[in-house]
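Enquirer: Provided below: data_36.csv, containing CSV, C-alpha atoms.
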chain,number,residue,atom,x,y,z
A,218,MET,CA,0.0,0.0,0.0
A,219,THR,CA,1.4,3.3,-1.1
A,220,THR,CA,1.8,6.3,1.2
A,221,GLN,CA,-0.9,8.2,-0.6
A,222,THR,CA,-3.3,5.3,-0.2
A,223,ILE,CA,-2.6,5.2,3.5
A,224,ALA,CA,-3.1,8.9,3.8
A,225,ARG,CA,-6.5,8.7,2.0
A,226,ALA,CA,-7.6,5.8,4.2
A,227,MET,CA,-6.7,7.8,7.3
A,228,GLU,CA,-8.5,10.8,6.1
A,229,LYS,CA,-11.5,8.8,5.4
A,230,ARG,CA,-11.2,7.2,8.9
A,231,ASP,CA,-11.0,10.6,10.7
A,232,GLY,CA,-14.1,11.8,8.9
A,233,GLY,CA,-12.4,14.4,6.8
A,234,GLY,CA,-11.8,16.8,9.7
A,235,LEU,CA,-14.8,16.0,11.8
A,236,ASP,CA,-12.7,16.2,14.9
A,237,LYS,CA,-11.6,19.7,14.1
A,238,LEU,CA,-15.2,20.7,13.5
A,239,MET,CA,-16.3,19.3,16.8
A,240,TRP,CA,-13.5,21.1,18.7
A,241,ALA,CA,-14.3,24.3,16.9
A,242,LYS,CA,-17.7,24.1,18.6
A,243,ALA,CA,-16.3,23.3,22.1
A,244,SER,CA,-17.0,26.7,23.6
A,245,HIS,CA,-20.6,26.6,22.4
A,246,LEU,CA,-21.1,23.1,23.8
A,247,GLU,CA,-19.4,24.1,27.1
A,248,SER,CA,-22.0,26.9,27.5
A,249,ILE,CA,-24.8,24.4,27.3
A,250,LEU,CA,-23.3,21.5,29.3
A,251,PRO,CA,-24.3,21.3,33.0
A,252,ASP,CA,-21.6,21.6,35.7
A,253,HIS,CA,-21.2,17.8,36.1
A,254,LEU,CA,-19.9,17.3,32.5
A,255,ASP,CA,-16.6,18.4,31.1
A,256,VAL,CA,-16.5,19.5,27.5
A,257,LYS,CA,-13.2,17.5,26.8
A,258,THR,CA,-14.8,14.3,28.1
A,259,PHE,CA,-18.0,15.0,26.2
A,260,LEU,CA,-16.2,15.5,22.9
A,261,GLY,CA,-13.9,12.5,23.6
A,262,THR,CA,-16.8,10.2,24.2
A,263,ALA,CA,-18.5,11.4,21.0
A,264,TRP,CA,-15.3,10.9,19.0
A,265,ALA,CA,-14.9,7.4,20.4
A,266,ALA,CA,-18.5,6.6,19.2
A,267,LEU,CA,-17.6,7.7,15.7
A,268,LEU,CA,-14.4,5.7,15.6
A,269,ALA,CA,-16.2,2.6,16.7
A,270,ASN,CA,-18.8,2.7,13.9
A,271,ASP,CA,-17.6,3.1,10.3
A,272,LYS,CA,-21.1,3.8,9.0
A,273,LEU,CA,-21.7,6.4,11.7
A,274,MET,CA,-18.4,8.1,10.8
A,275,GLN,CA,-19.4,8.0,7.1
A,276,PHE,CA,-22.8,9.5,7.6
A,277,ALA,CA,-21.4,12.2,10.0
A,278,ALA,CA,-18.9,13.2,7.4
A,279,ALA,CA,-21.6,13.4,4.7
A,280,LYS,CA,-23.9,15.5,6.9
A,281,PRO,CA,-21.8,17.1,9.7
A,282,GLU,CA,-24.7,19.4,10.6
A,283,THR,CA,-26.7,16.4,11.8
A,284,LEU,CA,-23.8,15.4,14.1
A,285,LEU,CA,-23.7,18.9,15.6
A,286,ILE,CA,-27.4,19.0,16.1
A,287,ALA,CA,-27.2,15.6,17.9
A,288,LEU,CA,-24.4,16.8,20.1
A,289,TYR,CA,-26.2,20.1,21.0
A,290,ARG,CA,-29.3,18.1,22.0
A,291,CYS,CA,-27.2,15.7,24.0
A,292,ALA,CA,-25.5,18.5,25.9
A,293,ALA,CA,-28.8,20.2,26.7
A,294,LYS,CA,-30.0,17.1,28.3
A,295,GLY,CA,-26.7,16.6,30.3
A,296,HIS,CA,-25.8,13.2,28.8
A,297,GLN,CA,-22.6,11.7,27.4
A,298,PRO,CA,-23.0,11.1,23.7
A,299,GLY,CA,-22.5,7.6,22.3
A,300,THR,CA,-23.6,5.9,25.5
A,301,GLU,CA,-26.7,4.2,26.7
A,302,GLU,CA,-27.9,7.6,28.0
A,303,PHE,CA,-27.8,9.1,24.5
A,304,TYR,CA,-27.2,7.1,21.3
A,305,LEU,CA,-25.6,8.4,18.1
A,306,THR,CA,-27.1,6.4,15.3
A,307,PRO,CA,-26.7,6.5,11.5
A,308,ARG,CA,-30.0,7.5,9.9
A,309,ASP,CA,-31.0,8.8,6.5
A,310,GLY,CA,-27.5,9.5,5.5
A,311,GLY,CA,-26.8,11.5,8.6
A,312,VAL,CA,-26.6,11.2,12.4
A,313,LEU,CA,-29.6,11.0,14.6
A,314,GLY,CA,-29.3,11.4,18.4
A,315,ILE,CA,-31.7,9.3,20.5
A,316,GLU,CA,-32.0,9.6,24.2
A,317,GLY,CA,-32.0,6.1,25.8
A,318,TYR,CA,-34.2,4.8,28.6
A,319,ARG,CA,-31.4,5.2,31.0
A,320,GLY,CA,-31.0,8.8,30.0
A,321,VAL,CA,-34.6,9.6,30.8
A,322,ILE,CA,-34.3,8.0,34.2
A,323,GLU,CA,-31.0,9.7,34.9
A,324,ARG,CA,-32.6,13.1,34.4
A,325,MET,CA,-35.3,12.2,36.9
A,326,PHE,CA,-32.8,11.3,39.6
A,327,ARG,CA,-30.6,14.3,38.7
A,328,SER,CA,-33.5,16.6,39.7
A,329,GLY,CA,-32.9,15.8,43.3
A,330,ALA,CA,-36.6,15.3,44.0
A,331,VAL,CA,-36.9,11.6,43.0
A,332,ALA,CA,-36.0,8.7,45.3
A,333,LYS,CA,-37.2,5.7,43.2
A,334,VAL,CA,-38.4,5.1,39.6
A,335,VAL,CA,-40.2,1.9,38.6
A,336,VAL,CA,-40.7,1.3,34.8
A,337,ARG,CA,-41.7,-2.3,33.9
A,338,GLU,CA,-43.5,-4.3,31.2
A,339,VAL,CA,-46.6,-6.3,32.1
A,340,CYS,CA,-47.0,-9.7,30.5
A,341,ALA,CA,-50.1,-11.7,29.9
A,342,LYS,CA,-49.5,-14.1,32.8
A,343,ASP,CA,-48.4,-11.5,35.3
A,344,TYR,CA,-50.6,-10.4,38.2
A,345,PHE,CA,-51.3,-6.7,37.9
A,346,ARG,CA,-53.7,-4.4,39.7
A,347,PHE,CA,-54.3,-0.6,39.8
A,348,THR,CA,-57.5,1.1,40.9
A,349,GLU,CA,-57.5,4.9,40.5
A,350,GLY,CA,-58.2,6.6,43.9
A,351,GLU,CA,-57.4,3.4,45.9
A,352,ASP,CA,-53.9,2.3,45.0
A,353,GLU,CA,-51.0,4.7,45.4
A,354,LYS,CA,-49.1,2.8,42.8
A,355,PRO,CA,-49.6,-0.3,40.6
A,356,VAL,CA,-49.4,-3.8,42.2
A,357,HIS,CA,-47.4,-6.0,40.0
A,358,HIS,CA,-46.1,-9.6,40.4
A,359,PHE,CA,-44.3,-11.5,37.7
A,360,ALA,CA,-45.9,-14.8,38.9
A,361,ALA,CA,-49.6,-15.5,38.3
A,362,ARG,CA,-50.4,-14.6,42.0
A,363,PRO,CA,-48.5,-13.1,44.9
A,364,GLY,CA,-46.9,-15.5,47.3
A,365,THR,CA,-46.0,-18.2,44.8
A,366,THR,CA,-42.7,-20.2,44.7
A,367,GLY,CA,-39.5,-19.3,43.0
A,368,ALA,CA,-40.2,-21.8,40.3
A,369,ASP,CA,-43.4,-19.8,39.5
A,370,PHE,CA,-41.5,-16.6,39.5
A,371,PHE,CA,-38.3,-17.6,37.5
A,372,GLY,CA,-39.7,-20.8,35.8
A,373,ASP,CA,-38.8,-24.4,36.6
A,374,ASP,CA,-35.6,-24.1,34.6
A,375,GLY,CA,-34.9,-20.5,35.2
A,376,ASP,CA,-36.5,-19.5,31.9
A,377,PRO,CA,-40.0,-18.2,32.9
A,378,ASN,CA,-42.8,-18.0,30.3
A,379,ARG,CA,-44.7,-14.8,31.2
A,380,GLY,CA,-46.5,-14.6,27.9
A,381,ASP,CA,-46.6,-11.7,25.5
A,382,MET,CA,-46.1,-8.1,26.6
A,383,VAL,CA,-49.5,-6.6,26.9
A,384,GLY,CA,-48.7,-3.3,28.6
A,385,VAL,CA,-46.1,-1.2,30.4
A,386,TYR,CA,-46.3,1.3,33.3
A,387,GLY,CA,-44.1,3.9,35.0
A,388,VAL,CA,-44.3,5.5,38.5
A,389,ALA,CA,-41.9,7.5,40.6
A,390,GLN,CA,-41.5,8.0,44.4
A,391,PHE,CA,-40.4,11.4,45.5
A,392,THR,CA,-37.9,12.1,48.3
A,393,THR,CA,-41.0,13.2,50.4
A,394,GLY,CA,-42.3,9.6,50.3
A,395,ASN,CA,-45.2,10.4,48.1
A,396,TRP,CA,-45.8,8.7,44.7
A,397,SER,CA,-46.3,10.4,41.4
A,398,ARG,CA,-49.2,9.8,39.2
A,399,PRO,CA,-48.6,6.5,37.4
A,400,VAL,CA,-48.7,6.1,33.6
A,401,LEU,CA,-50.3,3.0,32.1
A,402,LEU,CA,-49.9,2.1,28.5
A,403,SER,CA,-51.5,-0.8,26.7
A,404,ARG,CA,-49.8,-2.6,23.8
A,405,ASN,CA,-51.7,-0.6,21.3
A,406,ASP,CA,-50.5,2.6,23.0
A,407,VAL,CA,-46.9,1.4,22.7
A,408,PHE,CA,-47.3,0.4,19.1
A,409,ALA,CA,-48.8,3.8,18.2
A,410,ALA,CA,-45.7,5.4,19.7
A,411,ARG,CA,-43.5,3.1,17.7
A,412,ALA,CA,-45.3,3.9,14.5
A,413,SER,CA,-45.1,7.6,15.1
A,414,GLY,CA,-41.3,7.3,15.2
A,415,GLY,CA,-41.0,5.9,11.7
A,416,TRP,CA,-40.4,2.3,12.8
A,417,LYS,CA,-39.5,-0.3,10.1
A,418,ARG,CA,-39.6,-4.0,10.6
A,419,ASP,CA,-36.4,-4.6,8.6
A,420,ASP,CA,-34.4,-1.8,10.3
A,421,LYS,CA,-31.5,-3.6,12.0
A,422,TYR,CA,-30.4,-0.4,13.8
A,423,SER,CA,-33.8,0.2,15.4
A,424,PRO,CA,-33.9,-0.7,19.1
A,425,TRP,CA,-37.5,-1.7,18.6
A,426,ASN,CA,-36.2,-4.7,16.7
A,427,ARG,CA,-33.6,-5.7,19.3
A,428,MET,CA,-34.0,-9.1,21.0
A,429,ASP,CA,-33.9,-7.8,24.5
A,430,GLY,CA,-35.0,-11.2,26.0
A,431,GLY,CA,-32.7,-13.3,23.8
A,432,ASP,CA,-33.6,-15.4,20.8
A,433,ASN,CA,-35.6,-17.8,23.0
A,434,HIS,CA,-38.0,-15.0,23.9
A,435,PRO,CA,-39.2,-13.1,20.8
A,436,GLU,CA,-42.1,-11.9,22.8
A,437,LEU,CA,-39.8,-9.5,24.6
A,438,GLN,CA,-38.4,-7.9,21.4
A,439,GLY,CA,-37.9,-4.2,21.9
A,440,ARG,CA,-38.6,-4.4,25.6
A,441,SER,CA,-36.2,-1.5,26.4
A,442,MET,CA,-38.2,0.7,24.1
A,443,TRP,CA,-41.4,-0.2,25.9
A,444,TRP,CA,-39.7,1.0,29.1
A,445,LYS,CA,-38.5,4.2,27.4
A,446,THR,CA,-42.0,4.9,26.1
A,447,ALA,CA,-43.4,4.7,29.6
A,448,ALA,CA,-40.5,6.7,31.1
A,449,LYS,CA,-41.1,9.5,28.5
A,450,ARG,CA,-44.9,9.5,29.3
A,451,LEU,CA,-44.0,9.8,33.0
A,452,GLU,CA,-41.9,13.0,32.5
A,453,PRO,CA,-44.9,15.4,32.8
A,454,TRP,CA,-45.5,14.1,36.3
A,455,VAL,CA,-41.9,14.0,37.6
A,456,PRO,CA,-39.2,16.7,37.7
A,457,THR,CA,-36.5,15.8,35.2
A,458,SER,CA,-34.1,18.8,35.3
A,459,ALA,CA,-31.4,20.2,37.5
A,460,GLU,CA,-33.4,23.5,37.3
A,461,TYR,CA,-35.9,22.0,39.7
A,462,ARG,CA,-33.2,21.7,42.4
A,463,ARG,CA,-32.0,25.2,41.8
A,464,GLU,CA,-35.6,26.5,42.1
A,465,GLN,CA,-36.1,24.6,45.3
A,466,LEU,CA,-32.9,26.1,46.8
A,467,ARG,CA,-33.9,29.5,45.7
A,468,ALA,CA,-37.4,29.2,47.2
A,469,ALA,CA,-35.9,27.9,50.5
A,470,ALA,CA,-33.5,30.9,50.6
A,471,GLN,CA,-36.4,33.3,50.1
A,472,ALA,CA,-38.5,31.5,52.7
A,473,THR,CA,-35.6,31.9,55.2
A,474,MET,CA,-35.5,35.6,54.5
A,475,ALA,CA,-39.2,36.1,54.7
A,476,PRO,CA,-39.6,36.5,58.5
A,477,ALA,CA,-37.2,39.4,58.5
A,478,GLN,CA,-39.1,41.3,55.9
A,479,PRO,CA,-42.0,42.6,58.1
A,480,ALA,CA,-39.6,43.9,60.7
A,481,ALA,CA,-37.5,45.6,58.1
A,482,LEU,CA,-40.6,47.2,56.6
A,483,ALA,CA,-41.7,48.3,60.1
A,484,ALA,CA,-38.3,49.9,60.8
A,485,GLU,CA,-38.4,51.6,57.4
A,486,ALA,CA,-41.9,52.9,58.1
A,487,ASP,CA,-40.9,54.1,61.6
A,488,ARG,CA,-37.9,55.9,60.2
A,489,GLY,CA,-40.1,57.6,57.7
A,490,VAL,CA,-42.4,58.8,60.4
A,491,HIS,CA,-39.6,60.4,62.4
A,492,GLU,CA,-38.2,62.0,59.3
A,493,ALA,CA,-41.5,63.4,58.2
A,494,VAL,CA,-42.6,67.0,58.9
A,495,ILE,CA,-45.6,67.0,61.1
A,496,VAL,CA,-48.0,69.9,61.1
A,497,ALA,CA,-50.2,70.4,64.1
A,498,ASP,CA,-52.3,73.5,64.7
A,499,SER,CA,-50.1,75.3,62.2
A,500,HIS,CA,-47.0,74.7,64.4
A,501,GLU,CA,-44.0,72.8,62.9
A,502,LEU,CA,-41.6,70.7,64.9
A,503,THR,CA,-38.3,72.2,65.9
A,504,THR,CA,-35.0,70.6,64.8
A,505,ASP,CA,-34.9,68.6,68.0
A,506,GLY,CA,-38.4,67.3,67.6
A,507,ALA,CA,-40.0,69.4,70.3
A,508,LEU,CA,-43.0,71.7,69.9
A,509,PRO,CA,-42.0,75.4,69.8
A,510,ILE,CA,-42.5,77.5,72.9
A,511,GLU,CA,-44.6,80.6,72.3
A,512,ASN,CA,-44.9,83.8,74.5
A,513,PRO,CA,-48.0,83.4,76.8
A,514,PRO,CA,-50.9,85.8,76.0
A,515,ASP,CA,-51.8,88.7,78.4
A,516,TRP,CA,-54.6,87.0,80.4
A,517,PRO,CA,-56.6,89.2,83.0
A,518,GLU,CA,-55.9,88.8,86.7
A,519,VAL,CA,-58.0,86.2,88.5
A,520,ARG,CA,-60.5,87.6,90.9
A,521,LYS,CA,-62.5,86.1,93.9
A,522,PRO,CA,-66.0,85.1,93.0
A,523,GLY,CA,-68.5,87.8,93.9
A,524,SER,CA,-65.8,90.3,95.1
A,525,GLY,CA,-64.9,91.9,91.9
A,526,LEU,CA,-61.3,92.1,93.3
A,527,PRO,CA,-58.2,90.1,92.5
A,528,ASP,CA,-57.5,86.9,94.5
A,529,ASP,CA,-54.6,88.6,96.3
A,530,THR,CA,-56.7,91.4,97.7
A,531,PRO,CA,-56.6,91.4,101.6
Before we go any further, please render this structure as structure tokens.

Expert:
Amino acid sequence: MTTQTIARAMEKRDGGGLDKLMWAKASHLESILPDHLDVKTFLGTAWAALLANDKLMQFAAAKPETLLIALYRCAAKGHQPGTEEFYLTPRDGGVLGIEGYRGVIERMFRSGAVAKVVVREVCAKDYFRFTEGEDEKPVHHFAARPGTTGADFFGDDGDPNRGDMVGVYGVAQFTTGNWSRPVLLSRNDVFAARASGGWKRDDKYSPWNRMDGGDNHPELQGRSMWWKTAAKRLEPWVPTSAEYRREQLRAAAQATMAPAQPAALAAEADRGVHEAVIVADSHELTTDGALPIENPPDWPEVRKPGSGLPDDTP
């Protein structure tokens, strides 16, 4: 292989300068990234994902703007690109960024208000119950009924047959101990979400087509996407941003300052009264705050009653 051939191969491998393009946007990405992510680590992870997938590198080089869009969206959500939190996938000749199930759950925990998240598929042979207004959260047992043996739960040979997936649910418990509103999706709900995303049966890159339960359990195909669909539907009922924690801290700080405000207002009002000019009977206060002393009027002498003479008359 000649030197020129090797050079062309390396140029093709590095995406024709994609690394330089990505680093040129480092300052923009840094302004978007939350505090817990470093821009160098962020770009290094993205570059590793490109190097690991020839088709992804090829599509990114063909449409670099799609790569940048995916990276910006990933940064805004606070994820690492090319991981199970946020996938970089080759789609339609470019790059499509897809937030994974773990990414959605990660944002819920990152808010600081969530202690537990439960997202689980429900199969035809499972025990499941939820009554609105009575149950705080769904009651779900993999076995047919609660209190059964391990063989019923895991199967006689460790390979349980729970039947087809018929639904999925998601619910979160807050740090206060209260539970969020649960979301319940039937199989038709999940398939409608799948269709809206442009799913194709023969798309080998689609996570909907992944055999999550292994080849022996085709009924669990795309199970992680069922989880993700429920997690996404749970978002409106659960805080999913670090902004929530900042707002809580800000509110707590304001609440701490609140008791001092009435006293401060009273002092300000009191000071205003003392500094005001008070007018009473057309007499203004003197500089020391006392009423002015006037010369007394010339009153007549006091006389004894009936004598017509002053009181001091002998």

Enquirer: Residues near Val388 in chain A, anyone? I mean within 8 Å using all atoms listed in the file, not counting same-chain ones fewer than 3 positions away, as a list in words.

Expert: Val334, Val335, Val336, Lys354, Trp396, Ser397, Arg398, Pro399, Val400 and Leu451 of chain A

Enquirer: Using only C-alpha atoms, can you tell me which of A:Ile286, A:Val455, A:Ala241, A:Tyr386 comes closest to Val331 in chain A?

Expert: A:Val455

Enquirer: So the first atom is CA of Asp381 in chain A and the second is CA of Ala341 in chain A; what is the distance between them in Å, to one decimal place?

Expert: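 For CA of Asp381 in chain A relative to CA of Ala341 in chain A, the distance reads 5.6 Å.
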
Enquirer: Out of A:Lys445, A:Phe303, A:Arg324, A:Phe276, which residue has the shortest atom-to-atom distance to Pro251 in chain A when counting all atoms listed in the file?

Expert: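 Looking only at the distances to Pro251 in chain A, the closest residue turns out to be A:Arg324.
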
Enquirer: Just want the 12 Å neighbourhood of Ala243 in chain A, counted on all atoms listed in the file, with same-chain residues fewer than 6 positions away dropped. Output as an mmCIF file with C-alpha atoms, in the coordinates of the input.

Expert:
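After the write, out30.cif holds the following:
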data_model
loop_
_atom_site.group_PDB
_atom_site.id
_atom_site.type_symbol
_atom_site.label_atom_id
_atom_site.label_comp_id
_atom_site.auth_asym_id
_atom_site.auth_seq_id
_atom_site.Cartn_x
_atom_site.Cartn_y
_atom_site.Cartn_z
ATOM 1 C CA ASP A 236 -12.700 16.200 14.900
ATOM 2 C CA LYS A 237 -11.600 19.700 14.100
ATOM 3 C CA ILE A 249 -24.800 24.400 27.300
ATOM 4 C CA LEU A 250 -23.300 21.500 29.300
ATOM 5 C CA ASP A 255 -16.600 18.400 31.100
ATOM 6 C CA VAL A 256 -16.500 19.500 27.500
ATOM 7 C CA LYS A 257 -13.200 17.500 26.800
ATOM 8 C CA THR A 258 -14.800 14.300 28.100
ATOM 9 C CA PHE A 259 -18.000 15.000 26.200
ATOM 10 C CA LEU A 260 -16.200 15.500 22.900
ATOM 11 C CA GLY A 261 -13.900 12.500 23.600
ATOM 12 C CA LEU A 285 -23.700 18.900 15.600
ATOM 13 C CA LEU A 288 -24.400 16.800 20.100
ATOM 14 C CA TYR A 289 -26.200 20.100 21.000
ATOM 15 C CA ALA A 292 -25.500 18.500 25.900
#

Enquirer: Measuring atom to atom with only C-alpha atoms, identify which of A:Leu284, A:Ala332, A:Val383, A:Val321 is nearest to Ser458 in chain A.

Expert: A:Val321

Enquirer: For the atom pair CA of Gly431 in chain A and CA of Asp419 in chain A, what is the interatomic distance in Å to one decimal place?

Expert: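 Taking CA of Gly431 in chain A as the start and CA of Asp419 in chain A as the end point, the length is 17.9 Å.
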
Enquirer: CA of Asn395 in chain A and CA of Val407 in chain A, how far apart in Å?

Expert: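 Separating CA of Val407 in chain A from CA of Asn395 in chain A is a distance of 27.0 Å.
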
Enquirer: I need the residue nearest Asn270 in chain A from this list: A:Gly387, A:Gly234, A:Pro424, A:Pro307. Use all atoms listed in the file for the distance.

Expert: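 Using all atoms listed in the file, the shortest distance to Asn270 in chain A belongs to A:Pro307.
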
Enquirer: Smallest atom-to-atom distance to Gly299 in chain A: which of A:Arg319, A:Leu437, A:Ala265, A:Met274, using all atoms listed in the file?

Expert: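 Once distances to Gly299 in chain A are computed over all atoms listed in the file, the minimum belongs to A:Ala265.
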
Enquirer: Pick from A:Asp309, A:Glu452, A:Asp373, A:Ala293: nearest to Gly415 in chain A, with all atoms listed in the file counted?

Expert: A:Asp309

Enquirer: Up to 12 Å from (-49.7, -7.2, 23.3) in the file's coordinates: name the residues, counting only C-alpha atoms, as a PyMOL selection string.

Expert: chain A and resi 338-342+380-385+402-408+436-438+440+443

Enquirer: If you count only C-alpha atoms, which residues fall within 8 Å of Ile315 in chain A, apart from same-chain ones fewer than 3 positions away, as a PyMOL selection string?

Expert: chain A and resi 303-306
